[in-house]
Amino acid sequence: MVTGTQLFGLGVARGIVIGRAHLLAPSELDIRQYHVQRGDVLHEVARLNNAFSLVRAELEQLRTNVAGDAPAEVKAFLDLHRMILDDSLLCDAPRDLVRSRLINAEWALTIQLEEVCQQFEAIDDEYFRSRSQDVRQVVERVLRRLAGGRPSPVAPAPKLAEGERLVLVAHDLSPADVLHFREDEGGSLAGFITELGGPTSHTMILARSLGLPAVVGVADARDAISEGDLLVVDSDAGRVVVLPDEAALVDYRRRILLQGQARSELRKLRGKLSRTKDGIPVELLANIEMPEDVRDALDAGADGVGLFRTEFLFMNRDTLPGEDEQFESYARVARAMKGKPVVIRTLDIGADKVLNASARHSLGLAVDGGEGPAVEPNPALGLRAIRYCLAYPDLFLTQLRAILRASATGTVRILVPMLAHVQEIDQVLQFVAKAKEQVKDRKQKFDARIPVGGMIEIPAAALNLGPFIERLKFLSLGTNDLIQYALAIDRTDSTVAYLYEPLHPAVLQLIAHTIRTGTRARLPVSVCGEMAGDLASVELLLGMGLRRYSMNPAQLLSVKQRIFELDSKSAGRLAGRVARLHDPAQIRAALERAASGAARKRAVAVRAPARRA
Ligand code: PEP
Ligand code: MG
C-alpha cells in the first residue's frame, strides 16, 4: 500500500529512486517589452548578438565536457540545439524586427519564437510538433543571457544529508539543463519529474540513454511538490509519491534492494548459452538503432544483432549519409560483433520515421527534379520502407553497396522491411544483384553469398509465405507493424492505443502460422518486434516453435532467465491451449497462470539449498 500524495505521468527509463525535490525556479526571465529610439537600435542588436554568442559558447563548452563516453544522443541534442540557435529564423529575424519595429531585443526574440513555434505546431506529425519544445528551450537560454542570468535555470541545489540524492522537478527541462545539472552536482542527481514531455521529447530520450529514472507529463507537479520534499520516483509505474510515510518508504527501499539484487543476478547469465530446461537452444539477439548501441548488445551478451534499424542514420539531418559513411557504420557493428550475425535492415523510412525536408528535397532533385516525396495523407499505408527504396533506386543501391562492403568485415545479413508482393521480392533481389556487380566492378570485397531475408509485418505476407520461402533465406516477424496492420490500429495514435492488442487471436494465428511454415521449410524465423522482449509472451512464442528472439538489449537477460525456466514441451501445450481461446483477456490470464507457476518453482528452487543447509 502506497501512502503520501501520488502523482501520475509517463515513466521513462526503468527503476525506482528516492530523493529530495529540487524545484526549477518558475522563471527568472525578464521579458520586458518596450520601444527603443532609433539611436538605440545598434545597442539592442549588440545585446542580441552577445546573448547568442554566450549561448553558443555554453553549448560548445557542454559538448566538450560531455565528449568521452556520453551516449550519442547527448551530443546529438546539443548539436540540434546549436543548429536551432544558428538558424537565421532565430538569429537574424529578431535583429530585423528590432530595426524595423524599433522594439527591444527580448520583445523581438519572443515575437520570432512564437512565429517559429506556430510553424512547427502546424505540422501534422508528432515528432516535428514536439520540436517546438526544443526551439523554446533554446530561446529561453538566450533570454536568460539577455536578462544577465545564469546559463542554467536550475538554482544551486540545497544541502543534502549524507547519502541523499536529488530529484529535479520542472515544468520542462532541456537536455542541456540536465547536463549542466549533472556537471554541477556530480553524482547527486537521481532522477527528474517534468510537467511537459511526451514519448518523443528529447529530454525523455536523454533520460533513457543516461539511465535516469524519470516521470514526465506530470501535470501541476510544481504545485503539488515543494522544495526539499522527499519523493519516490517510480518510473516503472509512472508514479511519483510525494512525502511518503514510513511504511511506504520501507516498502520502496525493499523494492529498490530487490531490483539491485535482481540486476546482479541477471548479470551472471551474460556468458551462458541460453537453453530451455529440456536443452533446446534459443538465440537471443539485440535490436539496435545506432552503431554505438552495439556496446549495449555486447554488454548484454547478445548472440548477435537481430535487427539494425538503419533509418536512424538517415534521420535528423539535412543531407543523406553517403555510401562510405554508411559502410563505416555497418562495418563498425559487424567488426564489434566479431563474427556473430548482424542483420542489417534496409531503410524503413516513412510513416512515423521521416527524413528532414531538405534530405527529402535532395532525393527529389536527384531522382526526378521534383520536390521529393510529399507528406502523405495516411503515411503508415503509404510510401514506406521497401516501397520508398524501390521508388528511389539510387538511395537503395547506395545502401545495398554499403551493406555488401560491410559483409567483408563480419557476418552480415540483409533484411528487407514491409514486403507483401512477390514482385517486390523479385525487384529487391535484382537490386541486390546489381549492387553486387557494382561492388565487384570496383574490386571491393563482399560476401557473395550474403543471405537476404524478409520482414513479415503485413498480414498479406504472413498469409502468403510461398514466395518468401522460395526466394529468401530467412524471415523476421515485425510484430509491431503486424499488429498495427492486422488490427487496423495506427501504432502512433494514442486515441486508439487501447485497441493495440498483441494477444489478439488473429495476431497470434498470423505469428504461429509464420513460425510453423517457415520452420517446416527450414528457414530461420525470428521475432524482432517488441513482443520478443515481453516476458509475458516468451513462453507462448517458444511453444509456437520460435527459437530466435531479437529485442532491446535491456530486456535480453530477463528473457534469458525466463528461457532457462521453460520446458519446450509444456510451452507447446500452452500454445495449444491458447490457440483455442478467442478472448485476449483469457489468453493473458492463461499466460499469467503459466508464468506464476514458473515463478513458484523458482522460489522453491531458491529456498531449497537453505533448507538443506
Ligand atoms: C516491427 O514492426 O515489429 C519492427 C521490428 O519494426 P519497426 O518497429 O522498426 O517498424
Ligand atoms: Mg516494422
# chains A, B, ... in the order shown; residues from 1 in each chain; ligands from 1

$ residues_near_ligand --ligand "ligand 1" --cutoff "10 Å" --atoms "only C-alpha atoms and all ligand atoms" --output "MDAnalysis selection string"
chainID A and resid 287 289 306:312 345 347:353 380 385 417:418 455:458 476:485 491 527:532 550:551

$ atom_distance --atom1 "CA of Gln137 (chain A)" --atom2 "CA of Arg360 (chain A)"
26.6 Å

$ closest_residue --among "A:Gly39, A:Pro244, A:Gly9, A:Gly364" --to "Ile103 (chain A)" --atoms "only C-alpha atoms"
A:Gly39

$ select_by_dssp --residues "region 80-184 of chain A" --states "alpha helix (DSSP H)" --output "number ranges by chain"
A: 80-86, 88-91, 93-101, 105-121, 126-146, 175-184

$ closest_residue --among "A:Lys436, A:Arg384, A:Arg548, A:Arg522" --to "ligand 2" --atoms "only C-alpha atoms and all ligand atoms"
A:Arg384

$ residues_around --residues "Leu266 (chain A)" --least-positions-apart "3" --cutoff "9 Å" --atoms "only C-alpha atoms" --output "list in words"
Gln261, Ala262, Arg263, Leu269, Arg270, Leu557, Ser558, Lys560 and Gln561 of chain A

$ select_by_dssp --residues "region 177-360 of chain A" --states "strand (DSSP E)" --output "VMD selection string"
chain A and resid 189 to 194 214 to 216 230 to 234 239 to 242 283 to 288 305 to 309 341 to 345

$ atom_distance --atom1 "CA of Leu102 (chain A)" --atom2 "CA of Gln37 (chain A)"
6.7 Å

$ closest_residue --among "A:Ile386, A:Leu404, A:Ala585, A:Ala219" --to "ligand 2" --atoms "only C-alpha atoms and all ligand atoms"
A:Ile386

$ closest_residue --among "A:Val496, A:Val416, A:Pro451, A:Glu437" --to "ligand 2" --atoms "only C-alpha atoms and all ligand atoms"
A:Val416

$ closest_residue --among "A:Leu109, A:Leu419, A:Leu320, A:Leu210" --to "ligand 2" --atoms "only C-alpha atoms and all ligand atoms"
A:Leu419
